[in-house]
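coords-v5.cif (mmCIF, C-alpha atoms) appears below.
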data_entry
loop_
_atom_site.label_atom_id
_atom_site.label_comp_id
_atom_site.auth_asym_id
_atom_site.auth_seq_id
_atom_site.Cartn_x
_atom_site.Cartn_y
_atom_site.Cartn_z
CA MET Z 1 9.16 2.63 15.75
CA THR Z 2 5.51 3.61 15.58
CA ASN Z 3 3.47 5.49 18.13
CA GLY Z 4 0.54 6.86 16.16
CA LEU Z 5 -1.07 7.54 12.80
CA LYS Z 6 1.46 10.26 12.08
CA SER Z 7 4.41 7.89 12.61
CA THR Z 8 6.45 7.54 9.44
CA THR Z 9 9.16 5.52 7.79
CA THR Z 10 11.81 7.37 5.80
CA LEU Z 11 11.99 6.28 2.16
CA HIS Z 12 15.41 6.08 0.51
CA ASN Z 13 14.98 9.57 -0.99
CA GLY Z 14 14.27 11.11 2.43
CA VAL Z 15 10.46 11.38 2.04
CA GLU Z 16 8.48 10.45 5.15
CA MET Z 17 5.71 7.91 4.51
CA PRO Z 18 3.11 7.05 7.19
CA TRP Z 19 3.24 3.47 8.48
CA LEU Z 20 -0.55 3.16 8.45
CA GLY Z 21 -3.08 4.48 5.96
CA LEU Z 22 -6.52 3.87 4.47
CA GLY Z 23 -6.93 1.78 1.32
CA VAL Z 24 -10.00 2.36 -0.88
CA PHE Z 25 -9.95 -0.71 -3.17
CA LYS Z 26 -13.52 -1.61 -4.21
CA VAL Z 27 -14.95 1.41 -2.37
CA GLU Z 28 -17.61 2.95 -4.60
CA ASP Z 29 -17.04 6.44 -5.95
CA GLY Z 30 -19.38 9.13 -4.66
CA GLN Z 31 -20.72 9.19 -1.11
CA GLU Z 32 -19.30 5.82 -0.05
CA VAL Z 33 -15.67 6.75 -0.70
CA ILE Z 34 -16.16 10.38 0.38
CA GLN Z 35 -17.56 9.29 3.76
CA SER Z 36 -14.88 6.60 4.22
CA VAL Z 37 -11.98 8.99 3.52
CA LYS Z 38 -13.51 11.82 5.57
CA ALA Z 39 -13.99 9.46 8.53
CA ALA Z 40 -10.35 8.38 8.30
CA LEU Z 41 -9.08 11.96 8.07
CA LYS Z 42 -11.31 13.02 10.97
CA HIS Z 43 -9.78 10.30 13.16
CA GLY Z 44 -6.18 11.21 12.40
CA TYR Z 45 -5.25 9.23 9.29
CA ILE Z 46 -3.02 11.20 6.95
CA SER Z 47 -2.32 8.54 4.28
CA ILE Z 48 -4.86 7.58 1.60
CA ASP Z 49 -4.18 4.96 -1.08
CA THR Z 50 -6.20 4.87 -4.30
CA ALA Z 51 -5.63 3.86 -7.95
CA ALA Z 52 -6.92 4.75 -11.39
CA VAL Z 53 -8.59 1.34 -11.77
CA TYR Z 54 -10.53 1.79 -8.50
CA LYS Z 55 -12.51 4.52 -10.30
CA ASN Z 56 -12.89 6.54 -7.09
CA GLU Z 57 -10.12 9.14 -7.37
CA GLU Z 58 -12.71 11.93 -7.75
CA GLY Z 59 -14.41 10.94 -4.51
CA VAL Z 60 -11.07 10.73 -2.70
CA GLY Z 61 -10.20 14.22 -3.97
CA GLN Z 62 -13.59 15.55 -2.91
CA ALA Z 63 -13.17 14.11 0.60
CA ILE Z 64 -9.72 15.69 0.93
CA LYS Z 65 -11.16 19.04 -0.16
CA GLU Z 66 -14.12 18.82 2.21
CA SER Z 67 -11.90 17.78 5.14
CA GLY Z 68 -10.23 21.19 5.15
CA ILE Z 69 -6.88 19.59 6.02
CA ASN Z 70 -3.82 21.21 4.46
CA ARG Z 71 -2.63 19.26 1.45
CA GLU Z 72 0.95 19.30 2.78
CA GLU Z 73 -0.14 17.30 5.84
CA LEU Z 74 -1.42 14.39 3.75
CA PHE Z 75 0.21 11.49 1.92
CA VAL Z 76 -1.77 10.53 -1.20
CA THR Z 77 -0.96 7.51 -3.36
CA SER Z 78 -2.34 6.49 -6.75
CA LYS Z 79 -1.33 3.95 -9.39
CA VAL Z 80 -1.10 3.64 -13.16
CA TRP Z 81 -3.20 0.78 -14.58
CA ASN Z 82 -1.97 -1.86 -17.06
CA ASP Z 83 -3.94 -0.39 -19.99
CA ASP Z 84 -2.03 2.89 -19.56
CA GLN Z 85 1.47 1.42 -19.40
CA GLY Z 86 4.13 2.81 -21.75
CA TYR Z 87 5.92 6.16 -21.64
CA GLU Z 88 3.45 8.61 -23.21
CA ALA Z 89 0.37 6.76 -21.98
CA THR Z 90 1.66 6.87 -18.40
CA LEU Z 91 2.34 10.61 -18.53
CA LYS Z 92 -1.24 11.11 -19.75
CA ALA Z 93 -2.71 8.71 -17.16
CA PHE Z 94 -0.88 10.54 -14.38
CA GLU Z 95 -2.38 13.90 -15.43
CA THR Z 96 -5.84 12.29 -15.54
CA SER Z 97 -5.42 10.95 -12.00
CA LEU Z 98 -4.15 14.29 -10.75
CA THR Z 99 -7.11 16.11 -12.32
CA LYS Z 100 -9.62 13.65 -10.85
CA LEU Z 101 -8.04 14.00 -7.41
CA GLY Z 102 -7.96 17.79 -7.77
CA LEU Z 103 -4.34 17.89 -6.58
CA ASP Z 104 -1.17 19.61 -7.79
CA TYR Z 105 1.11 16.68 -6.99
CA LEU Z 106 1.09 13.12 -5.63
CA ASP Z 107 3.11 11.87 -2.70
CA LEU Z 108 3.51 8.40 -4.22
CA TYR Z 109 2.74 7.00 -7.67
CA LEU Z 110 3.05 3.28 -8.38
CA ILE Z 111 3.05 0.96 -11.38
CA HIS Z 112 0.02 -1.13 -10.36
CA TRP Z 113 1.18 -4.45 -11.89
CA PRO Z 114 4.28 -5.45 -13.84
CA GLY Z 115 2.03 -6.52 -16.72
CA LYS Z 116 3.53 -8.02 -19.83
CA ASP Z 117 6.40 -6.02 -21.28
CA LYS Z 118 6.02 -2.26 -20.76
CA TYR Z 119 7.01 -1.61 -17.17
CA LYS Z 120 10.47 -0.26 -18.06
CA GLU Z 121 8.95 2.38 -20.38
CA THR Z 122 6.37 3.14 -17.70
CA TRP Z 123 9.14 3.53 -15.12
CA LYS Z 124 10.94 6.06 -17.36
CA ALA Z 125 7.73 8.14 -17.29
CA LEU Z 126 7.59 7.91 -13.48
CA GLU Z 127 11.23 9.00 -13.28
CA LYS Z 128 10.43 12.04 -15.44
CA LEU Z 129 7.40 12.98 -13.31
CA TYR Z 130 9.54 12.58 -10.19
CA LYS Z 131 12.33 14.77 -11.59
CA ASP Z 132 9.72 17.35 -12.63
CA GLY Z 133 8.53 17.55 -9.00
CA LYS Z 134 5.03 16.21 -9.70
CA ILE Z 135 5.52 13.16 -7.46
CA ARG Z 136 7.42 13.08 -4.18
CA ALA Z 137 8.17 9.34 -4.39
CA ILE Z 138 7.79 6.63 -7.02
CA GLY Z 139 7.40 2.90 -6.70
CA VAL Z 140 5.82 -0.30 -7.91
CA SER Z 141 3.12 -2.71 -6.86
CA ASN Z 142 2.92 -6.50 -7.15
CA PHE Z 143 6.54 -6.83 -8.31
CA HIS Z 144 8.37 -10.07 -7.51
CA VAL Z 145 12.14 -10.12 -6.93
CA HIS Z 146 12.86 -10.91 -10.58
CA HIS Z 147 10.73 -7.94 -11.74
CA LEU Z 148 12.59 -5.61 -9.37
CA GLN Z 149 15.99 -6.90 -10.47
CA ASP Z 150 15.04 -6.41 -14.11
CA LEU Z 151 13.70 -2.91 -13.51
CA ILE Z 152 16.65 -1.75 -11.40
CA GLU Z 153 19.11 -2.93 -14.04
CA ASP Z 154 18.08 -0.06 -16.38
CA ALA Z 155 16.56 2.41 -13.94
CA GLU Z 156 18.09 5.77 -13.03
CA ILE Z 157 16.09 5.85 -9.81
CA LYS Z 158 15.40 2.80 -7.66
CA PRO Z 159 11.76 2.27 -6.60
CA MET Z 160 11.09 3.65 -3.15
CA VAL Z 161 8.12 1.36 -2.42
CA ASN Z 162 6.81 -2.07 -3.47
CA GLN Z 163 3.16 -2.57 -2.52
CA VAL Z 164 2.18 -6.25 -2.53
CA GLU Z 165 -0.31 -8.70 -1.11
CA TYR Z 166 1.06 -9.39 2.36
CA HIS Z 167 -0.53 -11.08 5.37
CA PRO Z 168 0.17 -13.98 7.77
CA HIS Z 169 -0.74 -16.55 5.06
CA LEU Z 170 1.57 -14.83 2.54
CA ALA Z 171 4.61 -13.54 4.41
CA GLN Z 172 6.73 -12.91 1.28
CA LYS Z 173 9.96 -13.62 3.20
CA GLU Z 174 12.32 -13.66 0.18
CA LEU Z 175 10.77 -10.51 -1.30
CA HIS Z 176 10.82 -8.72 2.05
CA ALA Z 177 14.51 -9.54 2.54
CA TYR Z 178 15.36 -8.39 -0.99
CA CYS Z 179 13.47 -5.09 -0.56
CA LYS Z 180 15.23 -4.43 2.75
CA LYS Z 181 18.62 -5.07 1.15
CA GLU Z 182 17.79 -2.67 -1.71
CA GLY Z 183 16.24 0.02 0.51
CA ILE Z 184 12.76 -0.46 -0.97
CA GLN Z 185 9.91 -0.07 1.53
CA LEU Z 186 7.47 -3.01 1.50
CA GLU Z 187 3.79 -2.07 1.77
CA ALA Z 188 0.88 -4.47 2.38
CA TRP Z 189 -2.37 -4.56 0.49
CA SER Z 190 -5.11 -6.92 1.70
CA PRO Z 191 -3.39 -7.27 5.11
CA LEU Z 192 -6.44 -9.09 6.51
CA LYS Z 193 -6.68 -11.40 3.46
CA GLN Z 194 -10.04 -9.81 2.66
CA GLY Z 195 -11.28 -10.75 6.12
CA GLN Z 196 -10.40 -14.44 5.82
CA LEU Z 197 -7.77 -14.22 8.58
CA LEU Z 198 -10.14 -12.84 11.18
CA ASP Z 199 -11.26 -16.39 12.09
CA GLU Z 200 -7.74 -17.86 12.21
CA PRO Z 201 -7.63 -19.65 15.64
CA VAL Z 202 -4.02 -18.66 16.48
CA ILE Z 203 -4.72 -15.01 15.73
CA LYS Z 204 -7.98 -15.08 17.72
CA GLU Z 205 -6.15 -16.61 20.69
CA ILE Z 206 -3.40 -13.98 20.56
CA ALA Z 207 -6.01 -11.21 20.20
CA ASN Z 208 -7.76 -12.43 23.37
CA GLN Z 209 -4.46 -12.30 25.30
CA TYR Z 210 -4.00 -8.63 24.44
CA GLY Z 211 -7.66 -7.60 24.63
CA LYS Z 212 -7.49 -6.66 20.95
CA SER Z 213 -9.32 -7.71 17.78
CA PRO Z 214 -7.80 -10.16 15.28
CA ALA Z 215 -7.54 -7.29 12.77
CA GLN Z 216 -5.55 -5.19 15.26
CA VAL Z 217 -3.17 -8.08 15.94
CA ILE Z 218 -2.54 -8.61 12.20
CA ILE Z 219 -1.94 -4.90 11.58
CA ARG Z 220 0.42 -4.81 14.56
CA TRP Z 221 2.30 -7.84 13.15
CA ASP Z 222 2.73 -5.92 9.88
CA LEU Z 223 4.08 -2.85 11.66
CA GLN Z 224 6.49 -4.83 13.81
CA ASN Z 225 7.75 -6.46 10.61
CA GLU Z 226 8.37 -2.91 9.29
CA VAL Z 227 5.74 -3.20 6.58
CA VAL Z 228 3.58 -0.15 5.73
CA THR Z 229 -0.09 -1.15 5.85
CA ILE Z 230 -3.30 0.19 4.30
CA PRO Z 231 -6.34 -1.74 5.60
CA LYS Z 232 -9.60 -0.88 3.85
CA SER Z 233 -12.93 -0.23 5.52
CA ILE Z 234 -16.03 1.81 4.79
CA LYS Z 235 -17.27 1.63 8.39
CA GLU Z 236 -16.18 4.44 10.68
CA HIS Z 237 -15.87 2.25 13.79
CA ARG Z 238 -13.64 -0.20 11.87
CA ILE Z 239 -11.49 2.64 10.53
CA VAL Z 240 -10.98 3.79 14.14
CA GLU Z 241 -10.39 0.21 15.37
CA ASN Z 242 -7.79 -0.50 12.66
CA ALA Z 243 -5.78 2.48 13.87
CA SER Z 244 -5.88 1.47 17.53
CA VAL Z 245 -2.67 -0.54 17.26
CA PHE Z 246 -0.12 1.78 18.83
CA ASP Z 247 -0.81 1.00 22.50
CA PHE Z 248 0.47 -2.58 22.58
CA GLU Z 249 3.35 -4.66 21.27
CA LEU Z 250 3.40 -8.33 20.29
CA THR Z 251 6.07 -10.42 22.01
CA LYS Z 252 8.75 -12.20 19.96
CA GLU Z 253 6.97 -15.48 20.73
CA ASP Z 254 3.62 -14.22 19.42
CA MET Z 255 5.29 -12.73 16.33
CA ALA Z 256 6.87 -16.16 15.69
CA ARG Z 257 3.52 -17.95 16.15
CA ILE Z 258 1.96 -15.68 13.52
CA ASP Z 259 5.00 -16.16 11.24
CA ARG Z 260 4.39 -19.91 11.34
CA LEU Z 261 0.94 -19.41 9.77
CA ASN Z 262 2.57 -18.65 6.42
CA LYS Z 263 1.53 -20.98 3.59
CA ASP Z 264 2.34 -18.80 0.55
CA GLU Z 265 -1.37 -18.54 -0.16
CA ARG Z 266 -2.76 -15.63 -2.16
CA VAL Z 267 -6.22 -14.10 -2.27
CA GLY Z 268 -5.34 -11.98 -5.33
CA PRO Z 269 -3.59 -12.83 -8.61
CA ASN Z 270 0.05 -13.79 -8.94
CA SER Z 271 1.73 -11.13 -11.09
CA ASP Z 272 3.61 -13.81 -13.06
CA GLU Z 273 0.20 -14.96 -14.36
CA PHE Z 274 -1.55 -11.56 -14.54
CA LEU Z 275 -0.15 -10.62 -17.95
CA PHE Z 276 -1.98 -8.00 -19.95
#
Mind converting the file's structure to structure tokens?
Amino acid sequence: MTNGLKSTTTLHNGVEMPWLGLGVFKVEDGQEVIQSVKAALKHGYISIDTAAVYKNEEGVGQAIKESGINREELFVTSKVWNDDQGYEATLKAFETSLTKLGLDYLDLYLIHWPGKDKYKETWKALEKLYKDGKIRAIGVSNFHVHHLQDLIEDAEIKPMVNQVEYHPHLAQKELHAYCKKEGIQLEAWSPLKQGQLLDEPVIKEIANQYGKSPAQVIIRWDLQNEVVTIPKSIKEHRIVENASVFDFELTKEDMARIDRLNKDERVGPNSDEFLF
């Protein structure tokens, strides 16, 4: 399935999306995010995930520009924030993100959270931007099964991606199965549970068996579960380490041991309670 940072999954509209990318949540705009993104690009990453609410799109755009890499080789994701939901507001928010990034188009644009009651209007705006060729793929983030069912009911275009909190303590089995059935690619944010999983005894034991770090084992578990993953780091050696996951494979037994760690425990908000 995956043999390097340029390995991709094919979304239901035929667009190729890298299995592994760099997330920049809580990475400060300016030098911090510029250095983080440039380090990732230098070491072979081609997928960068940002969002309007991260307030670092300008730095991400600057890093892309300074890297000298052809735009067509990269896969850039951003997201519309809750305050900008609604048809017209989303169209405007998209243009703002594009301007800040200094790009002509996005590879993927997501509704960041379902929010209260505007995601269908917001989706109509994403469909328009997609049809206009300004976005290569459109999707959602933090949508439960019931949100997806509700959205799909009235949508012209089915979401290509659903980016959610996903890690060994929150395996999202029902959601994962539903997304597979509907041809929606699941993507993991906070795959390491903000670092909390790095001391999990089972994961440490498995990591020792393979001569790998706990982070590498978790990322590998994601990939073998066919989940796109965007671990965040601002340290160059960690960015390199997180990508060194293509030279080993977890056995079925080890995958099952990690599966058994699930306890439906979140580190971020539940979108059914995050209503604004």
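When all atoms listed in the file are used to compute distances to Asp84 of chain Z, the closest of the residues Z:Asn70, Z:Gln209, Z:Thr122, Z:Thr9 turns out to be Z:Thr122.
Of note, atom CA of Lys100 of chain Z and atom CA of Glu58 of chain Z are spaced 4.7 Å apart.
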Can you list, as a PyMOL selection string, every protein, DNA or RNA residue that comes within 12 Å of His237 of chain Z when you count all atoms listed in the file, leaving out same-chain residues fewer than 5 positions away? chain Z and resi 36+39-40+43+242-244
Long-range neighbours of Phe143 of chain Z as an MDAnalysis selection string, 8 Å cut-off, all atoms listed in the file, 5 positions minimum in chain: chainID Z and resid 113:114 148 162:164 271
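Straight-line separation from atom CA of His169 of chain Z to atom CA of Arg257 of chain Z: 12.0 Å.
The space separating atom CA of Pro168 of chain Z from atom CA of Ile206 of chain Z comes to 13.3 Å.
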The PyMOL selection byres ((chain Z and resi 80) around 12) resolved against shown file, as a VMD selection string: chain Z and resid 50 to 55 77 to 79 81 to 87 89 to 98 108 to 115 118 to 119 122 to 123 125 to 126 138 to 141
Spell out the residues picked by the PyMOL selection byres ((chain Z and resi 7) around 10) here, as a ChimeraX atom specification. /Z:1-6,8-9,16-20,46,246
Using the chain letters and residue numbers of this document, give as number ranges by chain the residues selected by the PyMOL selection byres ((chain Z and resi 27) around 9). Z: 23-26, 28-29, 32-33, 36, 54-56, 232-234
Those residues with C-alpha atoms, as a PDB file, in the coordinates of the input please?
ATOM      1  CA  GLY Z  23      -6.930   1.780   1.320  1.00  0.00           C
ATOM      2  CA  VAL Z  24     -10.000   2.360  -0.880  1.00  0.00           C
ATOM      3  CA  PHE Z  25      -9.950  -0.710  -3.170  1.00  0.00           C
ATOM      4  CA  LYS Z  26     -13.520  -1.610  -4.210  1.00  0.00           C
ATOM      5  CA  GLU Z  28     -17.610   2.950  -4.600  1.00  0.00           C
ATOM      6  CA  ASP Z  29     -17.040   6.440  -5.950  1.00  0.00           C
ATOM      7  CA  GLU Z  32     -19.300   5.820  -0.050  1.00  0.00           C
ATOM      8  CA  VAL Z  33     -15.670   6.750  -0.700  1.00  0.00           C
ATOM      9  CA  SER Z  36     -14.880   6.600   4.220  1.00  0.00           C
ATOM     10  CA  TYR Z  54     -10.530   1.790  -8.500  1.00  0.00           C
ATOM     11  CA  LYS Z  55     -12.510   4.520 -10.300  1.00  0.00           C
ATOM     12  CA  ASN Z  56     -12.890   6.540  -7.090  1.00  0.00           C
ATOM     13  CA  LYS Z 232      -9.600  -0.880   3.850  1.00  0.00           C
ATOM     14  CA  SER Z 233     -12.930  -0.230   5.520  1.00  0.00           C
ATOM     15  CA  ILE Z 234     -16.030   1.810   4.790  1.00  0.00           C
TER      16      ILE Z 234
END
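Nearest-residue note for Asp117 of chain Z: choosing from Z:Tyr130, Z:Asp272, Z:Pro214, Z:Gly102, the minimum distance belongs to Z:Asp272, counting all atoms listed in the file.
Using only C-alpha atoms, the shortest contact distance between Arg266 of chain Z and any of Z:Val76, Z:Ile218, Z:Leu197, Z:Ala155 is found at Z:Leu197.
Excluding Arg220 of chain Z and any residue on its chain fewer than 5 positions from it, the residues at most 9 Å away by all atoms listed in the file are Ala215, Asn225, Val245, Phe246, Phe248, Glu249 and Leu250 of chain Z.
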Go ahead and fit an axis-aligned box to every listed atom of segment 267-273 of chain Z plus 4 Å each side, and pass me the centre and edge lengths in Å, one decimal, as lines of an AutoDock Vina configuration file.
center_x = -1.3
center_y = -13.0
center_z = -8.3
size_x = 17.8
size_y = 11.8
size_z = 20.1
Distance cut-off 12 Å, centre (17.9, -3.7, -1.9) in file coordinates, counting only C-alpha atoms: which residues qualify? Return them as an mmCIF file with C-alpha atoms, in the coordinates of the input.
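Writing done, so here's result_0.cif:
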data_model
loop_
_atom_site.group_PDB
_atom_site.id
_atom_site.type_symbol
_atom_site.label_atom_id
_atom_site.label_comp_id
_atom_site.auth_asym_id
_atom_site.auth_seq_id
_atom_site.Cartn_x
_atom_site.Cartn_y
_atom_site.Cartn_z
ATOM 1 C CA HIS Z 12 15.410 6.080 0.510
ATOM 2 C CA VAL Z 145 12.140 -10.120 -6.930
ATOM 3 C CA LEU Z 148 12.590 -5.610 -9.370
ATOM 4 C CA GLN Z 149 15.990 -6.900 -10.470
ATOM 5 C CA ILE Z 152 16.650 -1.750 -11.400
ATOM 6 C CA LYS Z 158 15.400 2.800 -7.660
ATOM 7 C CA PRO Z 159 11.760 2.270 -6.600
ATOM 8 C CA MET Z 160 11.090 3.650 -3.150
ATOM 9 C CA VAL Z 161 8.120 1.360 -2.420
ATOM 10 C CA ASN Z 162 6.810 -2.070 -3.470
ATOM 11 C CA GLU Z 174 12.320 -13.660 0.180
ATOM 12 C CA LEU Z 175 10.770 -10.510 -1.300
ATOM 13 C CA HIS Z 176 10.820 -8.720 2.050
ATOM 14 C CA ALA Z 177 14.510 -9.540 2.540
ATOM 15 C CA TYR Z 178 15.360 -8.390 -0.990
ATOM 16 C CA CYS Z 179 13.470 -5.090 -0.560
ATOM 17 C CA LYS Z 180 15.230 -4.430 2.750
ATOM 18 C CA LYS Z 181 18.620 -5.070 1.150
ATOM 19 C CA GLU Z 182 17.790 -2.670 -1.710
ATOM 20 C CA GLY Z 183 16.240 0.020 0.510
ATOM 21 C CA ILE Z 184 12.760 -0.460 -0.970
ATOM 22 C CA GLN Z 185 9.910 -0.070 1.530
ATOM 23 C CA LEU Z 186 7.470 -3.010 1.500
#
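Shortest atom-to-atom contact with Ala188 of chain Z among Z:Glu226, Z:Glu241, Z:Glu200, Z:Glu57: Z:Glu226, counting all atoms listed in the file.
If you measure from each of Z:Asn262, Z:Gln35, Z:Gln194, Z:Asn13 to Ala171 of chain Z using all atoms listed in the file, the closest one turns out to be Z:Asn262.
With all atoms listed in the file as the basis for measurement, Z:Glu187 is the residue among Z:Glu165, Z:Lys173, Z:Ile64, Z:Glu187 that approaches Val228 of chain Z most closely.
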